[in-house]
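Asks: My file is structure.cif. It has mmCIF, C-alpha atoms:
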data_input
#
loop_
_atom_site.label_atom_id
_atom_site.label_comp_id
_atom_site.auth_asym_id
_atom_site.auth_seq_id
_atom_site.Cartn_x
_atom_site.Cartn_y
_atom_site.Cartn_z
CA MET A 15 3.25 3.21 4.05
CA THR A 16 3.23 -0.47 3.29
CA HIS A 17 1.64 -0.27 -0.09
CA SER A 18 4.07 -2.24 -2.23
CA LEU A 19 4.25 -5.03 0.36
CA HIS A 20 1.52 -7.68 0.75
CA ARG A 21 1.06 -8.28 -3.03
CA VAL A 22 -0.72 -11.62 -3.28
CA GLY A 23 0.22 -14.19 -5.92
CA THR A 24 2.14 -17.29 -6.79
CA LEU A 25 5.90 -17.48 -7.30
CA GLU A 26 5.16 -17.80 -11.00
CA ASN A 27 2.79 -14.87 -11.45
CA LEU A 28 4.81 -12.59 -9.16
CA LYS A 29 7.99 -13.30 -11.14
CA ASN A 30 7.60 -10.24 -13.35
CA ASP A 31 6.37 -7.82 -10.73
CA HIS A 32 9.16 -5.45 -9.68
CA THR A 33 8.30 -2.26 -7.80
CA ILE A 34 10.48 0.74 -7.05
CA ILE A 35 9.69 3.66 -4.79
CA ALA A 36 12.02 6.63 -4.64
CA MET A 37 11.81 9.38 -2.05
CA PRO A 38 13.89 11.76 0.02
CA ALA A 39 13.95 11.64 3.83
CA LYS A 40 11.83 14.25 5.55
CA GLY A 41 13.99 16.62 7.62
CA ILE A 42 17.26 15.37 6.13
CA ASN A 43 17.39 15.70 2.37
CA HIS A 44 13.88 16.60 1.28
CA VAL A 45 14.54 20.32 0.78
CA GLY A 46 15.62 20.77 -2.82
CA SER A 47 14.79 17.16 -3.68
CA VAL A 48 12.46 18.20 -6.52
CA LYS A 49 15.35 18.22 -9.01
CA ALA A 50 16.21 14.60 -8.25
CA LEU A 51 12.54 13.60 -8.29
CA ARG A 52 12.07 15.18 -11.72
CA ARG A 53 15.08 13.28 -13.02
CA PHE A 54 13.71 10.07 -11.50
CA ILE A 55 10.44 10.57 -13.38
CA GLU A 56 12.39 11.06 -16.63
CA LEU A 57 14.34 7.85 -15.99
CA ALA A 58 11.18 5.91 -15.11
CA ALA A 59 9.56 6.99 -18.37
CA GLN A 60 12.66 5.94 -20.35
CA HIS A 61 12.92 2.43 -18.91
CA LYS A 62 9.52 1.20 -20.13
CA PRO A 63 7.75 0.40 -16.87
CA SER A 64 4.35 -1.26 -16.77
CA ASN A 65 3.04 1.73 -14.81
CA PHE A 66 4.25 4.59 -12.64
CA GLY A 67 2.89 7.64 -10.90
CA LEU A 68 2.88 10.43 -8.40
CA ILE A 69 0.10 10.07 -5.83
CA THR A 70 -0.94 13.73 -5.90
CA CYS A 71 -1.12 13.73 -9.67
CA GLY A 72 -2.13 10.26 -10.84
CA ASN A 73 -0.53 7.48 -12.82
CA VAL A 74 0.85 7.41 -16.34
CA LEU A 75 -2.31 5.75 -17.68
CA LYS A 76 -4.07 9.06 -17.02
CA VAL A 77 -1.33 11.67 -16.73
CA PRO A 78 1.70 12.12 -19.01
CA PRO A 79 5.17 12.16 -17.40
CA GLU A 80 5.60 15.81 -18.37
CA GLU A 81 2.67 16.72 -16.15
CA MET A 82 4.12 14.74 -13.25
CA ILE A 83 7.41 16.60 -13.72
CA ARG A 84 5.51 19.86 -13.65
CA GLN A 85 3.52 19.00 -10.53
CA VAL A 86 6.10 17.19 -8.39
CA ASN A 87 7.61 19.10 -5.50
CA ASP A 88 10.07 18.62 -2.65
CA GLY A 89 9.56 15.57 -0.47
CA ARG A 90 7.31 13.53 -2.75
CA ALA A 91 7.57 9.82 -3.53
CA ILE A 92 7.55 8.39 -7.05
CA THR A 93 6.31 4.84 -7.56
CA VAL A 94 7.14 2.58 -10.50
CA VAL A 95 6.37 -1.01 -11.42
CA PHE A 96 8.23 -3.06 -14.05
CA ASP A 97 7.01 -6.18 -15.81
CA ASN A 98 10.45 -7.64 -16.54
CA ILE A 99 13.72 -7.98 -14.72
CA ASP A 100 15.85 -6.49 -17.51
CA ASN A 101 14.16 -3.08 -17.51
CA PHE A 102 14.08 -3.15 -13.71
CA THR A 103 17.81 -3.89 -13.59
CA ALA A 104 18.61 -1.22 -16.17
CA MET A 105 16.71 1.34 -14.08
CA LEU A 106 18.66 0.35 -10.95
CA LYS A 107 21.96 0.55 -12.83
CA GLN A 108 21.17 4.04 -14.03
CA LEU A 109 20.05 5.15 -10.58
CA LYS A 110 23.38 3.98 -9.19
CA GLU A 111 25.29 5.81 -11.90
CA GLU A 112 23.38 9.06 -11.48
CA ASP A 113 23.53 8.98 -7.66
CA LEU A 114 20.45 11.17 -7.24
CA GLY A 115 20.56 10.90 -3.45
CA LEU A 116 16.98 9.64 -3.18
CA SER A 117 16.33 6.54 -1.12
CA VAL A 118 15.28 3.67 -3.36
CA THR A 119 13.23 0.68 -2.20
CA CYS A 120 12.48 -2.30 -4.44
CA GLY A 121 9.81 -4.94 -4.12
CA GLY A 122 9.40 -8.33 -5.76
CA ILE A 123 10.44 -11.94 -5.38
CA TYR A 124 13.49 -11.63 -3.15
CA GLU A 125 15.85 -13.80 -5.19
CA ARG A 126 15.08 -11.76 -8.31
CA THR A 127 15.51 -8.46 -6.47
CA LEU A 128 18.88 -9.69 -5.24
CA GLU A 129 19.84 -10.76 -8.75
CA ALA A 130 18.99 -7.31 -10.14
CA CYS A 131 20.81 -5.58 -7.28
CA LYS A 132 23.88 -7.69 -7.88
CA ARG A 133 23.88 -6.83 -11.59
CA ALA A 134 23.48 -3.14 -10.68
CA GLY A 135 26.18 -3.23 -8.00
CA LEU A 136 23.80 -2.63 -5.09
CA GLU A 137 23.33 -4.33 -1.72
CA PRO A 138 20.33 -4.56 0.61
CA ASP A 139 20.40 -2.06 3.47
CA THR A 140 17.07 -2.77 5.20
CA LEU A 141 14.29 -5.29 4.53
CA ASN A 142 10.56 -5.24 5.16
CA HIS A 143 8.81 -8.62 5.13
CA SER A 144 5.11 -9.38 5.14
CA LEU A 145 4.28 -12.15 7.58
CA GLY A 146 0.83 -12.47 6.05
CA VAL A 147 -2.77 -11.69 6.93
CA PHE A 148 -4.39 -12.59 10.28
CA GLY A 149 -7.80 -12.32 11.90
CA ARG A 150 -11.08 -12.78 9.98
CA THR A 151 -9.45 -14.11 6.82
CA ASP A 152 -12.71 -15.96 6.16
CA LYS A 153 -14.21 -12.58 5.17
CA LEU A 154 -11.59 -11.88 2.48
CA PRO A 155 -12.30 -12.14 -1.25
CA ARG A 156 -10.89 -15.26 -2.86
CA LYS A 157 -7.20 -15.32 -3.80
CA GLU A 158 -7.73 -14.81 -7.54
CA ILE A 159 -9.41 -11.46 -6.73
CA LEU A 160 -6.76 -10.47 -4.19
CA GLU A 161 -4.08 -11.01 -6.85
CA PHE A 162 -5.54 -7.96 -8.60
CA THR A 163 -6.68 -5.78 -5.71
CA THR A 164 -3.44 -6.01 -3.72
CA MET A 165 -1.48 -4.54 -6.63
CA CYS A 166 -3.08 -1.23 -5.69
CA GLY A 167 -1.40 -0.62 -2.36
CA HIS A 168 -3.93 2.01 -1.32
CA HIS A 169 -6.70 -0.50 -2.10
CA GLN A 170 -8.57 1.81 -4.43
CA ILE A 171 -9.62 -1.05 -6.72
CA ALA A 172 -12.74 -2.77 -5.45
CA ALA A 173 -13.08 -6.54 -5.35
CA GLY A 174 -16.52 -6.04 -6.93
CA LEU A 175 -14.99 -4.23 -9.88
CA VAL A 176 -12.47 -7.03 -10.42
CA GLU A 177 -15.31 -9.56 -10.27
CA LYS A 178 -17.20 -7.57 -12.89
CA MET A 179 -14.14 -7.30 -15.16
CA LEU A 180 -13.44 -10.99 -14.76
CA ALA A 181 -17.00 -11.85 -15.74
CA ASP A 182 -16.82 -9.46 -18.71
CA VAL A 183 -13.50 -10.95 -19.85
CA LYS A 184 -14.89 -14.47 -19.62
CA ALA A 185 -18.00 -13.36 -21.55
CA ARG A 186 -15.65 -11.74 -24.11
CA LYS A 187 -17.26 -8.35 -23.61
CA ILE A 188 -13.83 -6.85 -22.98
CA THR A 189 -10.28 -7.96 -23.79
CA PRO A 190 -7.84 -8.87 -21.01
CA GLU A 191 -5.69 -5.90 -22.01
CA ASP A 192 -8.55 -3.39 -21.81
CA ALA A 193 -9.77 -4.87 -18.52
CA ALA A 194 -6.26 -4.47 -17.07
CA LEU A 195 -6.01 -0.88 -18.28
CA SER A 196 -9.44 -0.09 -16.95
CA LEU A 197 -8.53 -1.35 -13.46
CA GLY A 198 -5.14 0.35 -13.57
CA LYS A 199 -6.65 3.79 -13.99
CA HIS A 200 -8.02 3.66 -10.44
CA CYS A 201 -4.64 3.09 -8.76
CA PRO A 202 -3.54 6.68 -8.08
CA CYS A 203 0.12 5.98 -7.28
CA GLY A 204 0.76 3.77 -10.31
CA PHE A 205 1.87 0.60 -8.54
CA PHE A 206 -0.77 -1.47 -10.32
CA ASN A 207 1.11 -3.74 -12.74
CA VAL A 208 -1.01 -3.61 -15.89
CA THR A 209 0.95 -6.32 -17.68
CA ARG A 210 0.57 -8.73 -14.79
CA ALA A 211 -3.15 -7.95 -14.59
CA ARG A 212 -3.53 -8.63 -18.32
CA ASP A 213 -1.67 -11.94 -17.94
CA LEU A 214 -3.87 -12.90 -14.98
CA PHE A 215 -7.03 -12.15 -16.99
CA GLU A 216 -5.68 -14.19 -19.92
CA GLU A 217 -4.93 -17.06 -17.58
CA LYS A 218 -8.48 -16.99 -16.17
CA LEU A 219 -9.94 -16.75 -19.67
CA ALA A 220 -7.93 -19.76 -20.83
CA ALA A 221 -8.99 -21.73 -17.78
CA ALA A 222 -12.65 -20.84 -18.38
CA ALA A 223 -12.37 -21.87 -22.05
CA GLN A 224 -11.21 -25.33 -21.05
CA MET B 4 -20.13 10.36 0.08
CA ILE B 5 -23.77 10.69 -0.89
CA ILE B 6 -25.96 10.16 -3.94
CA ASN B 7 -28.01 13.14 -5.09
CA LYS B 8 -31.39 11.54 -5.71
CA GLU B 9 -32.49 14.50 -7.81
CA LYS B 10 -29.85 13.49 -10.34
CA CYS B 11 -29.49 9.71 -9.95
CA ILE B 12 -30.99 7.70 -12.81
CA GLY B 13 -30.53 4.34 -11.10
CA CYS B 14 -28.21 2.87 -13.75
CA GLY B 15 -26.08 1.11 -11.11
CA ASP B 16 -22.81 1.85 -12.88
CA CYS B 17 -21.26 3.08 -9.62
CA VAL B 18 -22.08 -0.05 -7.59
CA PRO B 19 -18.99 -2.19 -8.36
CA TYR B 20 -16.54 0.64 -7.76
CA CYS B 21 -17.10 0.88 -4.01
CA VAL B 22 -14.22 -0.77 -2.14
CA MET B 23 -16.46 -1.29 0.91
CA GLY B 24 -19.45 -2.59 -1.04
CA ALA B 25 -21.44 0.26 0.48
CA ILE B 26 -23.29 1.31 -2.69
CA SER B 27 -26.45 -0.53 -3.63
CA LEU B 28 -29.46 -0.02 -5.83
CA SER B 29 -32.57 0.61 -3.81
CA GLY B 30 -35.71 1.09 -5.84
CA GLU B 31 -34.99 3.59 -8.59
CA PHE B 32 -31.85 5.04 -7.05
CA ALA B 33 -28.39 4.11 -5.90
CA THR B 34 -27.77 4.66 -2.21
CA ILE B 35 -24.63 4.76 -0.11
CA ASP B 36 -24.65 3.17 3.33
CA LEU B 37 -22.97 5.93 5.31
CA HIS B 38 -22.29 3.57 8.21
CA GLU B 39 -20.01 1.48 5.96
CA CYS B 40 -18.70 4.24 3.64
CA VAL B 41 -15.09 5.14 4.52
CA GLU B 42 -15.04 8.37 2.46
CA CYS B 43 -12.21 7.07 0.27
CA GLY B 44 -13.49 9.00 -2.75
CA VAL B 45 -12.96 6.10 -5.17
CA CYS B 46 -16.51 6.32 -6.55
CA ILE B 47 -16.30 10.02 -7.33
CA ARG B 48 -12.74 9.84 -8.76
CA ALA B 49 -13.78 6.93 -10.97
CA ASP B 50 -15.91 9.45 -12.84
CA VAL B 51 -18.33 6.67 -13.70
CA CYS B 52 -21.63 8.39 -12.94
CA PRO B 53 -23.16 9.63 -16.22
CA VAL B 54 -25.10 12.39 -14.43
CA ASP B 55 -22.60 13.39 -11.71
CA ALA B 56 -24.95 12.29 -8.94
CA ILE B 57 -22.16 11.25 -6.56
CA GLU B 58 -21.32 14.13 -4.26
CA GLN B 59 -18.99 14.73 -1.36
CA GLN B 60 -20.93 15.98 1.66
CA PRO B 61 -19.10 18.26 4.13
CA LEU B 62 -17.03 16.11 6.50
CA GLU B 63 -16.69 17.19 10.11
CA TRP B 64 -14.71 15.60 12.91
CA PRO B 65 -14.71 12.72 13.71
CA ARG B 66 -16.18 11.52 10.38
CA SER B 67 -13.41 13.39 8.53
CA LEU B 68 -11.01 10.84 10.01
CA ARG B 69 -12.41 8.29 7.55
CA SER B 70 -11.20 10.36 4.63
CA PHE B 71 -7.68 10.98 6.04
CA PHE B 72 -7.18 7.24 6.47
CA SER B 73 -8.92 6.01 3.33
CA ASP B 74 -8.33 8.55 0.57
CA PRO B 75 -4.64 8.54 -0.47
CA THR B 76 -5.08 11.95 -2.06
CA ALA B 77 -6.26 13.55 1.22
CA LYS B 78 -3.65 15.17 3.45
CA HIS B 79 -3.68 14.27 7.12
CA PRO B 80 -3.91 17.38 9.35
CA ASP B 81 -1.31 16.11 11.84
CA THR B 82 1.38 14.87 9.48
CA GLY B 83 0.67 17.04 6.44
CA LEU B 84 1.21 13.87 4.41
CA ALA B 85 -1.13 12.01 2.12
CA GLY B 86 -1.69 8.34 2.95
CA ARG B 87 -1.95 6.16 6.03
CA GLY B 88 1.61 5.59 7.00
CA THR B 89 5.13 6.90 7.03
CA ALA B 90 8.40 6.46 5.19
CA GLU B 91 9.16 3.54 7.58
CA MET B 92 12.18 1.67 6.14
CA LYS B 93 12.05 3.34 2.75
CA THR B 94 14.50 6.03 3.88
CA ASN B 95 16.33 3.97 6.50
CA ASP B 96 19.61 4.24 4.57
CA VAL B 97 19.52 7.98 5.38
CA THR B 98 17.62 8.17 8.68
CA GLY B 99 19.03 5.11 10.45
CA ARG B 100 15.67 4.77 12.14
CA PHE B 101 15.84 0.98 12.39
CA LYS B 102 19.06 -0.32 13.90
CA SER B 103 20.62 -3.67 14.67
CA GLY B 104 18.91 -5.27 17.65
CA GLU B 105 15.58 -3.62 16.86
CA VAL B 106 12.51 -4.70 14.93
CA GLY B 107 10.22 -2.29 13.12
CA VAL B 108 6.60 -3.41 13.01
CA GLY B 109 3.59 -2.33 11.01
CA ILE B 110 0.17 -3.81 11.74
CA GLU B 111 -2.24 -2.66 9.06
CA LEU B 112 -5.77 -3.28 10.23
CA GLY B 113 -8.48 -3.67 7.61
CA ARG B 114 -6.11 -4.58 4.83
CA PRO B 115 -6.66 -6.08 2.33
CA GLY B 116 -10.04 -4.65 1.51
CA LEU B 117 -12.18 -5.29 4.57
CA GLY B 118 -11.76 -1.96 6.31
CA THR B 119 -11.55 -1.55 10.06
CA TRP B 120 -13.47 0.07 12.86
CA PHE B 121 -11.29 1.97 15.29
CA THR B 122 -12.65 -0.24 18.08
CA ASP B 123 -10.63 -3.03 16.51
CA VAL B 124 -7.59 -0.77 16.15
CA GLU B 125 -7.86 -0.10 19.88
CA LYS B 126 -8.22 -3.80 20.71
CA VAL B 127 -4.95 -4.58 18.95
CA ALA B 128 -3.17 -1.52 20.34
CA MET B 129 -4.21 -2.47 23.89
CA ALA B 130 -3.08 -6.05 23.38
CA ILE B 131 0.45 -5.01 22.47
CA ALA B 132 1.09 -1.69 24.22
CA PRO B 133 2.11 -3.31 27.54
CA LEU B 134 5.15 -4.75 25.74
CA GLY B 135 6.71 -1.29 25.83
CA LEU B 136 6.69 0.01 22.26
CA GLN B 137 8.27 3.05 20.69
CA TRP B 138 5.25 4.30 18.73
CA GLU B 139 6.06 6.06 15.45
CA PRO B 140 5.16 9.73 16.01
CA GLU B 141 4.71 10.51 12.30
CA ASN B 142 2.13 7.78 11.78
CA PRO B 143 -1.41 9.23 11.71
CA THR B 144 -2.76 6.51 14.03
CA THR B 145 -0.27 7.33 16.80
CA PRO B 146 -1.81 10.69 17.86
CA LEU B 147 -5.15 8.89 18.34
CA ILE B 148 -3.59 6.70 21.06
CA VAL B 149 -4.19 8.85 24.12
CA ASP B 150 -2.38 6.53 26.52
CA LYS B 151 0.71 5.10 24.87
CA SER B 152 1.33 2.67 27.74
CA THR B 153 -2.11 1.01 27.50
CA GLY B 154 -2.94 1.56 23.82
CA LYS B 155 -6.24 3.35 24.65
CA LEU B 156 -7.60 5.41 21.74
CA GLN B 157 -9.51 8.63 22.10
CA ASP B 158 -13.20 7.84 22.54
CA ASP B 159 -14.59 10.05 19.78
CA VAL B 160 -12.94 8.03 16.99
CA LEU B 161 -13.99 4.56 18.09
CA ASN B 162 -17.20 4.51 16.07
CA GLU B 163 -15.43 5.50 12.88
CA LYS B 164 -14.33 3.18 10.09
CA ALA B 165 -11.38 3.42 7.70
CA LEU B 166 -10.15 1.45 4.72
CA SER B 167 -7.14 0.67 6.88
CA ALA B 168 -5.12 2.05 9.77
CA ILE B 169 -1.56 1.16 10.66
CA LEU B 170 -0.12 0.64 14.12
CA GLU B 171 3.56 1.37 13.64
CA PHE B 172 6.36 1.09 16.19
CA ILE B 173 9.88 -0.09 17.00
CA MET B 174 10.79 -2.52 19.75
CA PRO B 175 13.81 -4.55 20.85
CA SER B 176 14.22 -7.67 18.71
CA GLU B 177 14.17 -9.91 21.77
CA LYS B 178 10.50 -8.99 22.32
CA LEU B 179 9.40 -10.22 18.88
CA GLU B 180 8.21 -13.59 20.18
CA GLU B 181 6.05 -11.93 22.86
CA LEU B 182 4.59 -9.59 20.27
CA LEU B 183 3.67 -12.38 17.88
CA LYS B 184 2.02 -14.34 20.71
CA ALA B 185 -0.04 -11.27 21.68
CA LEU B 186 -1.07 -10.72 18.06
CA ASP B 187 -2.00 -14.36 17.63
CA LYS B 188 -4.36 -14.03 20.60
CA VAL B 189 -5.97 -10.71 19.64
CA ALA B 190 -6.41 -11.82 16.01
CA LYS B 191 -9.17 -14.12 17.29
CA GLU B 192 -10.95 -11.19 18.98
CA ILE B 193 -11.33 -8.73 16.10
CA ASP B 194 -13.90 -8.57 13.33
CA THR B 195 -11.45 -7.69 10.58
CA VAL B 196 -8.01 -8.69 9.35
CA PHE B 197 -4.56 -7.20 9.69
CA SER B 198 -1.54 -7.45 7.43
CA LEU B 199 1.64 -7.78 9.44
CA GLU B 200 5.08 -6.52 8.46
CA ILE B 201 8.44 -6.66 10.19
CA ILE B 202 11.46 -4.54 9.34
CA THR B 203 15.05 -5.67 9.71
CA LYS B 204 18.31 -3.80 9.30
CA VAL B 205 20.57 -6.14 7.33
CA GLU B 206 23.60 -7.10 9.43
CA PRO B 207 27.15 -6.66 8.03
CA ASP B 208 27.35 -10.44 7.48
CA GLY B 209 24.11 -10.35 5.44
CA SER B 210 21.95 -11.97 8.10
CA MET B 211 18.42 -10.75 8.98
CA PRO B 212 17.81 -11.78 12.59
CA ASN B 213 14.18 -10.66 12.87
CA ILE B 214 12.92 -12.60 9.91
CA GLU B 215 14.99 -15.60 10.91
CA LYS B 216 13.38 -15.48 14.36
CA ALA B 217 9.89 -15.23 12.87
CA MET B 218 10.53 -18.26 10.69
CA GLU B 219 11.87 -20.16 13.67
CA LEU B 220 8.53 -19.42 15.37
CA GLY B 221 6.64 -20.95 12.44
CA TYR B 222 5.77 -17.85 10.39
CA GLU B 223 6.12 -18.04 6.63
CA PRO B 224 7.02 -14.64 5.18
CA MET B 225 5.62 -13.77 1.77
CA PRO B 226 8.26 -14.23 -0.96
CA ASN B 227 8.26 -10.60 -2.12
CA PRO B 228 9.71 -8.32 0.55
CA LYS B 229 10.68 -4.68 0.13
CA VAL B 230 14.39 -3.97 -0.04
CA ASN B 231 15.98 -0.58 0.61
CA VAL B 232 19.06 -0.72 -1.62
CA GLY B 233 21.07 2.00 0.10
CA LEU B 234 21.11 4.70 -2.58
CA GLY B 235 20.00 7.58 -0.31
CA ARG B 236 22.44 10.37 0.51
CA PRO B 237 23.82 11.39 2.96
CA LYS B 238 24.20 7.80 4.07
CA PHE B 239 23.46 7.16 7.75
CA ASN B 240 26.55 5.81 9.47
CA GLY B 241 25.76 6.18 13.15
#
Kindly transcribe the structure held in the file into structure tokens.
Replies:
Amino acid sequence: MTHSLHRVGTLENLKNDHTIIAMPAKGINHVGSVKALRRFIELAAQHKPSNFGLITCGNVLKVPPEEMIRQVNDGRAITVVFDNIDNFTAMLKQLKEEDLGLSVTCGGIYERTLEACKRAGLEPDTLNHSLGVFGRTDKLPRKEILEFTTMCGHHQIAAGLVEKMLADVKARKITPEDAALSLGKHCPCGFFNVTRARDLFEEKLAAAAQ
Amino acid sequence: MIINKEKCIGCGDCVPYCVMGAISLSGEFATIDLHECVECGVCIRADVCPVDAIEQQPLEWPRSLRSFFSDPTAKHPDTGLAGRGTAEMKTNDVTGRFKSGEVGVGIELGRPGLGTWFTDVEKVAMAIAPLGLQWEPENPTTPLIVDKSTGKLQDDVLNEKALSAILEFIMPSEKLEELLKALDKVAKEIDTVFSLEIITKVEPDGSMPNIEKAMELGYEPMPNPKVNVGLGRPKFNG
């Protein structure tokens, strides 16, 4: 799965976009991993993320953490996104302290991930870089739409829906916050950063007002 | 996915939700272009139809392939996993799957948001297979490649479309330049896009040879990579 990679944006608007995915390794430590996964969900809920979820269950905008804890089972992955480096760092620190045994992979601007890792006493083991998009890039939606749609790594948020929300925000039919929440509901794993989406809508609204 | 015309009231509320743009209003009803629909289930899960006119028709092979690759809540019959890919580097601290001197590669065709026909998946697979790749057996695209040395896909899937499909493999780092040249060439021959990722085991001195090589070749990695921070246990130390 490459779903937290390839998030489109500028250095500025990606600054507060920190993802974490936690999972056991199939065939090595997945049997009995449900206890650690349940604890991870509890920790995610405590550290005030922008969104999080369990793909088979849904994200926290639709499903309470208690239900995720009830439904999670061995071998699953939990996905979380934070909208500030302090909460992200605090989560990493606690994960290090609790030593749950789950593999933890973080996404975000590399220098900021490194900074958080350093503060939490962690070091990179393996990296996955996006080299970009190739082929018929002329057929892609424009970048301001991709900034929203690529936050859902399974691409369950349609460019057409973002266009509609953007038009509704600019027409003041819906607030940036409600538009962000509305889009976020359709990202089943919970990687869609609602705060960043709200900020992007506000930015577009301000630009349109000028 | 289909629209039940007995129920549809032609409100058009469902139209913007389709990630493939396959829903349109035609006369008094919404219709779904089944040629373009990838059976992702977004429209039905969105629960936006006021009269529940969106319905899932029975999916038989090979059309069912669309759902396995496009609906993250659908389990793939070969891997038993939901989603298009694998754990790739996300458990590398435990599995040791990617080692020094190797590069892990993921080529996600159709992403972001265009979708891909499996004819294009085959084109890319055939362009790179001669390099001698270690295809990832857990990836749901891999079993569709009937000849791993040529990249040929099974014929019955070629006319199917998915939201995306990932070609995933490991190869020696020294072949990275050849791979990127082959991809550069085939990118001009497909009718979709692909997002390209490369995986690097961080060396003891902190260096990342694969990404350094890619940059030397003129590639500009996106600024937000994924980082496995080594918390998995038992730690791989092979």
Asks: So which one's closest to chain A, B:Asp36, B:Asp96, B:Glu180, B:Asp159? Using only C-alpha atoms, please.
Replies: B:Asp96
Asks: Give me the residues within 10 Å of Thr209 (chain A) as a ChimeraX atom specification, counting only C-alpha atoms and dropping any in the same chain fewer than 2 places off.
Replies: /A:30-31,63-65,95-98,190-191,194-195,198,206-207,211-215
Asks: Can you list what the PyMOL selection byres ((chain A) within 6 of (chain B)) grabs from this structure, as a compact mmCIF listing (two decimals) with C-alpha atoms, in the frame of the given file?
Replies:
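And here is the file that came out, out09.txt:
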# COMPACT_ATOMS: atom_id res chain seq x y z
CA MET A 15 3.25 3.21 4.05
CA ALA A 39 13.95 11.64 3.83
CA THR A 70 -0.94 13.73 -5.90
CA GLY A 115 20.56 10.90 -3.45
CA LEU A 116 16.98 9.64 -3.18
CA SER A 117 16.33 6.54 -1.12
CA VAL A 118 15.28 3.67 -3.36
CA THR A 119 13.23 0.68 -2.20
CA CYS A 120 12.48 -2.30 -4.44
CA GLY A 121 9.81 -4.94 -4.12
CA GLY A 122 9.40 -8.33 -5.76
CA ILE A 123 10.44 -11.94 -5.38
CA TYR A 124 13.49 -11.63 -3.15
CA GLU A 137 23.33 -4.33 -1.72
CA PRO A 138 20.33 -4.56 0.61
CA ASP A 139 20.40 -2.06 3.47
CA THR A 140 17.07 -2.77 5.20
CA LEU A 141 14.29 -5.29 4.53
CA ASN A 142 10.56 -5.24 5.16
CA HIS A 143 8.81 -8.62 5.13
CA SER A 144 5.11 -9.38 5.14
CA LEU A 145 4.28 -12.15 7.58
CA GLY A 146 0.83 -12.47 6.05
CA VAL A 147 -2.77 -11.69 6.93
CA PHE A 148 -4.39 -12.59 10.28
CA GLY A 149 -7.80 -12.32 11.90
CA ARG A 150 -11.08 -12.78 9.98
CA ALA A 172 -12.74 -2.77 -5.45
CA GLY A 174 -16.52 -6.04 -6.93
CA LEU A 175 -14.99 -4.23 -9.88
Asks: Please write out, as JSON, where the centre of an axis-aligned box around all listed atoms of region 48-66 of chain B lies and how long its edges are, in Å to one decimal, after adding 6 Å on each side.
Replies:
{"center_x": -18.9, "center_y": 12.5, "center_z": -1.3, "size_x": 24.4, "size_y": 23.6, "size_z": 41.9}
Asks: Name the residues captured by the PyMOL selection byres ((chain A and resi 186) around 12) when it is applied to the shown file; answer as a list in words.
Replies: Met179, Leu180, Ala181, Asp182, Val183, Lys184, Ala185, Lys187, Ile188, Thr189, Pro190, Glu191, Asp192, Ala193, Phe215, Glu216, Lys218, Leu219, Ala220, Ala222 and Ala223 of chain A
Asks: May I have the residues within 10 Å of Ile5 (chain B) as JSON, numbers by chain, using all atoms listed in the file and disregarding those fewer than 5 positions away in the same chain?
Replies: {"B": [26, 33, 34, 35, 36, 37, 40, 42, 47, 56, 57, 58, 59, 60]}
Asks: Rank nothing, just name the residue among A:Met105, A:Val176, A:Val94, A:Leu114 nearest to Pro38 (chain A), using only C-alpha atoms.
Replies: A:Leu114
Asks: Within 12 Å of Arg156 (chain A), counting all atoms listed in the file, which residues qualify if same-chain residues fewer than 3 places away don't, as a list in words?
Replies: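 Everything that qualifies: Val22, Gly23, Thr151, Asp152, Lys153, Ile159, Leu160, Glu161, Phe162, Thr163, Thr164, Ala173, Gly174, Val176 and Glu177 of chain A; Pro115 and Gly116 of chain B.
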Asks: What is the distance between CA of Leu136 (chain B) and CA of Ala168 (chain B), in Å to one decimal?
Replies: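 CA of Leu136 (chain B) sits 17.3 Å away from CA of Ala168 (chain B).
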Asks: To verify the selection step, state as a PyMOL selection string which residues the PyMOL selection byres ((chain A and resi 109) around 12) yields on this input.
Replies: (chain A and resi 34-36+50-51+53-58+61+102-108+110-119+131+134-136) or (chain B and resi 232-235)
Asks: What is the distance between CA of Gln170 (chain A) and CA of Asp158 (chain B), in Å to one decimal?
Replies: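 It comes out at 28.0 Å.
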Asks: Between CA of Met174 (chain B) and CA of Leu134 (chain B), what is the distance, to one decimal in Å?
Replies: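 That distance, rounded to one decimal, is 8.5 Å.
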Asks: I'd like the contact shell of Glu139 (chain B) - 8 Å cut-off, only C-alpha atoms, skipping same-chain residues fewer than 6 positions apart - returned as a list in words.
Replies: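 Everything that qualifies: Thr145, Glu171, Phe172 and Ile173 of chain B.
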